[in-house]
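S.K.: One structure, as structure tokens, below. Some questions next.
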Amino acid sequence: MKINANFLNLKDSYLFATVGRKTAEYKKAHPEKDVIRLSIGDVTRPLAPVVVEAMKRAAEEMGKSETFRGYGPDQTCYGYDKLLDSILGSYARKGVTLAKSELFISDGAKSDCGNILDIFSQDNVVLVPDPVYPVYVDTNVMGGRVIIYADATQENGFLPMPVKGTKADIIYICSPNNPTGAAYSREQLKEWVDYANEIGAVILYDAAYEFFVCDDALCRSIYEVEGAKDCAIEICSYSKTAGFTGVRCGYTVVPESLVREGVSLNKLWARRQSTKFNGVSYVTQMGAAAVFTEEGEKQIGENLAYYRKNAETIAHCLDELNLFYTGGKNSPYIWFKCPNGMSSWEFFDYLLENANVVGTPGSGFGKNGEGFFRLTAFGTHENTEEACRRIAALLKA
Ligand code: PLP
């Protein structure tokens with residue numbers, strides 16, 4: 001018996017564990033202090049009432065023999081029509097036409113970001129931005145693939161562009177980005193799409209934060225860009241859009257026109273899913289189907305407006321302090337340069353000890369994150385305002 005020795009090449013994921021440990025130690029030593037956490041990537045607003053009602057109704061149906069449902073419909077990879085139709089409607093409003101056969105319902109974006117690699121050879125070279133959502137790197141290390149990095153820096157606004165001559169087979173793009181909050185314009189995405197089509201690469205486009213986009217110059221789906229259906233797989237999630245981090249539902253789009261080596265990637269993914277996955281629960285799917293209805297979008301819009309106000313509060317604070325930052329406008333993340341040349345962890349300690357505010361050190365997301373820091377807009381208004389008041393008072397002093 002041999003283990004998958006690639007797992008031994010994984011770096012310890014100590015970022016959030018260290019943030020948690022340092023915060024707990026500080027709180028233990030200073031129980032009287034009110035520590036505010038703006039480090040979490042989890043949401044705090046509850047599910048929209050329309051989602052809760054839909055899930056209740058679906059649970060009632062499951063309790064009656066006439067309306068009970070077992071395994072989902074396998075001809076659509078276990079997605080129920082009601083959910084598929086609502087997703088297609090949401091794409092149509094972005095000007096994107098898709099077929100039901102191109103949609104795959106999942107239990108969230110994280111699983112599909114990793115699972116999708118099943119359909120690609122281990123020999124592929126993978127291009128990942130740095131800094132990055134760690135899942136892209138770790139899943140490819142597990143698969144033993146060669147990873148090369150696209151440097152995201154202050155100079156390029158944390159939006160690296162294709163470099164001619166770089167040979168990559170799988171390209172990860174996350175826009176709006178975690179951790180930097182930076183989002184590609186339509187023209188910039190077009191450059192990536194043209195590059196991928198030219199070299200025959202596949203883009204894995206993580207659109208987990210698409211609902212935060214409010215600027216018309218930005219895309220909410222890569223399929224708004226001409227040519228993307230020939231090179232891109234889009235991975236989406238209800239987690240941040242509708243507070244489904246604990247409910248678990250997402251969807252992945254694999255266009256029928258995406259063909260490599262004469263093989264349809266849609267057919268490969270359908271085969272993989274029907275072999276290794278048995279779908280998302282009916283109750284969850286009915287809750288998700290309520291999200292992209294008129295009432296659903298209105299209600300989740302209120303939650304998004306709540307987070308956007310927090311992002312504005314943080315951005316305003318950083319403007320006043322004259323610190324460079326990305327994000328905050330089309331994203332729940334704000335990524336800023338640590339003041340006075342401090343390293344990410346130095347600033348973490350400084351902020352915790354002097355303002356009792358917890359954020360996430362940028363260096364935990366890759367080497368280019370050193371000297372940067374991430375705050376999230378997922379807290380409460382009260383905490384966000386108080387944290388900003390403390391940060392401003394500390395850094396102005
Ligand atoms: N993709 C990115 C970029 C994320 O930041 C996250 C969660 O933080 C996910 C995917 C995971 O989403 P899900 O909850 O749908 O698994």
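Going through the structure tokens in order, the chains are called A, B, and so on, while each chain numbers its residues from 1 and the ligands are numbered from 1 in the order shown.
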Using only C-alpha atoms, which residues sit within 9 Å of range 263-265 of chain A once same-chain residues fewer than 6 positions away are excluded, as a ChimeraX atom specification?
M.R.: /A:119,254-257
S.K.: Grab the residues selected above and save them as a compact mmCIF listing (two decimals), in the first residue's frame with all heavy atoms.
M.R.:
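Full text of part_38.txt as output:
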# COMPACT_ATOMS: atom_id res chain seq x y z
N ILE A 119 -11.11 15.81 -13.93
CA ILE A 119 -11.25 15.64 -15.38
C ILE A 119 -10.01 16.08 -16.16
O ILE A 119 -9.98 16.02 -17.37
CB ILE A 119 -12.51 16.34 -15.95
CG1 ILE A 119 -12.43 17.87 -15.82
CG2 ILE A 119 -13.78 15.82 -15.27
CD1 ILE A 119 -13.56 18.61 -16.56
N VAL A 254 -20.34 24.21 -17.06
CA VAL A 254 -19.37 23.68 -18.04
C VAL A 254 -20.06 23.75 -19.40
O VAL A 254 -20.95 22.94 -19.71
CB VAL A 254 -18.95 22.23 -17.71
CG1 VAL A 254 -17.80 21.80 -18.63
CG2 VAL A 254 -18.56 22.08 -16.24
N PRO A 255 -19.68 24.74 -20.22
CA PRO A 255 -20.36 24.92 -21.52
C PRO A 255 -20.20 23.71 -22.43
O PRO A 255 -19.16 23.05 -22.42
CB PRO A 255 -19.66 26.14 -22.12
CG PRO A 255 -18.98 26.82 -20.99
CD PRO A 255 -18.63 25.74 -20.00
N GLU A 256 -21.24 23.46 -23.22
CA GLU A 256 -21.19 22.35 -24.18
C GLU A 256 -20.08 22.57 -25.21
O GLU A 256 -19.53 21.61 -25.75
CB GLU A 256 -22.52 22.23 -24.93
CG GLU A 256 -23.74 21.96 -24.06
CD GLU A 256 -23.96 20.47 -23.79
OE1 GLU A 256 -23.09 19.66 -24.14
OE2 GLU A 256 -25.02 20.15 -23.21
N SER A 257 -19.77 23.84 -25.47
CA SER A 257 -18.77 24.12 -26.52
C SER A 257 -17.34 24.00 -26.03
O SER A 257 -16.40 24.22 -26.80
CB SER A 257 -19.00 25.53 -27.08
OG SER A 257 -19.03 26.45 -26.01
S.K.: I want to know what sits within 12 Å of Ala99 in chain A, based on only C-alpha atoms, with residues of the same chain fewer than 5 positions away left out; could you give that as a list in words?
M.R.: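 The filter keeps Thr76, Asp81, Leu84, Asp85, Ile87, Leu88, Gly89, Tyr91, Ala92, Phe104, Lys229, Val253, Val254, Pro255, Glu256, Ser257 and Asn266 of chain A.
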S.K.: Could you write those residues out with N, CA, C and O atoms, as a tab-separated table (two decimals), in the first residue's frame?
M.R.:
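Wrote it out as again.tsv, contents follow:
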chain	number	residue	atom	x	y	z
A	76	THR	N	-30.43	15.46	-15.24
A	76	THR	CA	-29.86	16.82	-15.14
A	76	THR	C	-28.83	16.86	-14.01
A	76	THR	O	-28.67	17.88	-13.36
A	81	ASP	N	-35.69	21.11	-11.74
A	81	ASP	CA	-35.99	22.13	-12.74
A	81	ASP	C	-36.18	23.52	-12.15
A	81	ASP	O	-35.75	24.51	-12.73
A	84	LEU	N	-32.80	24.97	-11.57
A	84	LEU	CA	-32.09	25.20	-12.84
A	84	LEU	C	-32.70	26.39	-13.57
A	84	LEU	O	-31.99	27.25	-14.08
A	85	ASP	N	-34.06	26.46	-13.59
A	85	ASP	CA	-34.72	27.57	-14.27
A	85	ASP	C	-34.36	28.91	-13.62
A	85	ASP	O	-34.16	29.91	-14.30
A	87	ILE	N	-31.65	29.67	-12.00
A	87	ILE	CA	-30.25	30.03	-12.33
A	87	ILE	C	-30.16	30.53	-13.78
A	87	ILE	O	-29.52	31.54	-14.07
A	88	LEU	N	-30.87	29.83	-14.69
A	88	LEU	CA	-30.85	30.28	-16.09
A	88	LEU	C	-31.42	31.69	-16.21
A	88	LEU	O	-30.92	32.52	-16.98
A	89	GLY	N	-32.46	31.98	-15.41
A	89	GLY	CA	-33.07	33.32	-15.41
A	89	GLY	C	-32.06	34.36	-14.94
A	89	GLY	O	-31.96	35.45	-15.51
A	91	TYR	N	-28.80	34.16	-15.16
A	91	TYR	CA	-27.82	34.36	-16.25
A	91	TYR	C	-28.43	35.21	-17.37
A	91	TYR	O	-27.75	36.08	-17.93
A	92	ALA	N	-29.70	34.95	-17.69
A	92	ALA	CA	-30.33	35.71	-18.79
A	92	ALA	C	-30.32	37.20	-18.47
A	92	ALA	O	-30.10	38.04	-19.35
A	104	PHE	N	-24.48	22.42	-13.32
A	104	PHE	CA	-24.29	21.30	-12.39
A	104	PHE	C	-24.45	21.85	-10.96
A	104	PHE	O	-23.65	22.68	-10.53
A	229	LYS	N	-17.10	30.87	-23.56
A	229	LYS	CA	-17.71	29.52	-23.55
A	229	LYS	C	-16.80	28.48	-24.19
A	229	LYS	O	-17.03	27.29	-24.06
A	253	VAL	N	-20.76	25.79	-14.06
A	253	VAL	CA	-21.17	25.81	-15.47
A	253	VAL	C	-20.04	25.26	-16.32
A	253	VAL	O	-18.91	25.76	-16.27
A	254	VAL	N	-20.34	24.21	-17.06
A	254	VAL	CA	-19.37	23.68	-18.04
A	254	VAL	C	-20.06	23.75	-19.40
A	254	VAL	O	-20.95	22.94	-19.71
A	255	PRO	N	-19.68	24.74	-20.22
A	255	PRO	CA	-20.36	24.92	-21.52
A	255	PRO	C	-20.20	23.71	-22.43
A	255	PRO	O	-19.16	23.05	-22.42
A	256	GLU	N	-21.24	23.46	-23.22
A	256	GLU	CA	-21.19	22.35	-24.18
A	256	GLU	C	-20.08	22.57	-25.21
A	256	GLU	O	-19.53	21.61	-25.75
A	257	SER	N	-19.77	23.84	-25.47
A	257	SER	CA	-18.77	24.12	-26.52
A	257	SER	C	-17.34	24.00	-26.03
A	257	SER	O	-16.40	24.22	-26.80
A	266	ASN	N	-17.87	19.01	-20.72
A	266	ASN	CA	-19.20	18.89	-20.10
A	266	ASN	C	-19.53	17.41	-19.88
A	266	ASN	O	-20.02	17.02	-18.81
S.K.: Find the residues near range 369-373 of chain A: any atom within 12 Å, counting only C-alpha atoms, skip ones fewer than 2 places away on the same chain, and give them as JSON, numbers by chain.
M.R.: {"A": [38, 39, 129, 130, 131, 132, 133, 151, 152, 153, 154, 158, 178, 179, 180, 181, 318, 323, 324, 325, 326, 327, 333, 334, 335, 336, 337, 338, 339, 340, 341, 342, 343, 344, 345, 346, 347, 348, 349, 351, 358, 359, 360, 361, 362, 363, 364, 365, 366, 367, 375, 376]}
S.K.: By how many Å are CA of Gly20 in chain A and CA of Glu32 in chain A apart?
M.R.: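 Value for the CA of Gly20 in chain A-CA of Glu32 in chain A distance: 18.1 Å.
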S.K.: Give the residues close to ligand 1, within 10 Å, counting only C-alpha atoms and all ligand atoms; write them as number ranges by chain.
M.R.: A: 40-43, 106-113, 132-136, 173-179, 181, 205-209, 235-241, 243-251, 333
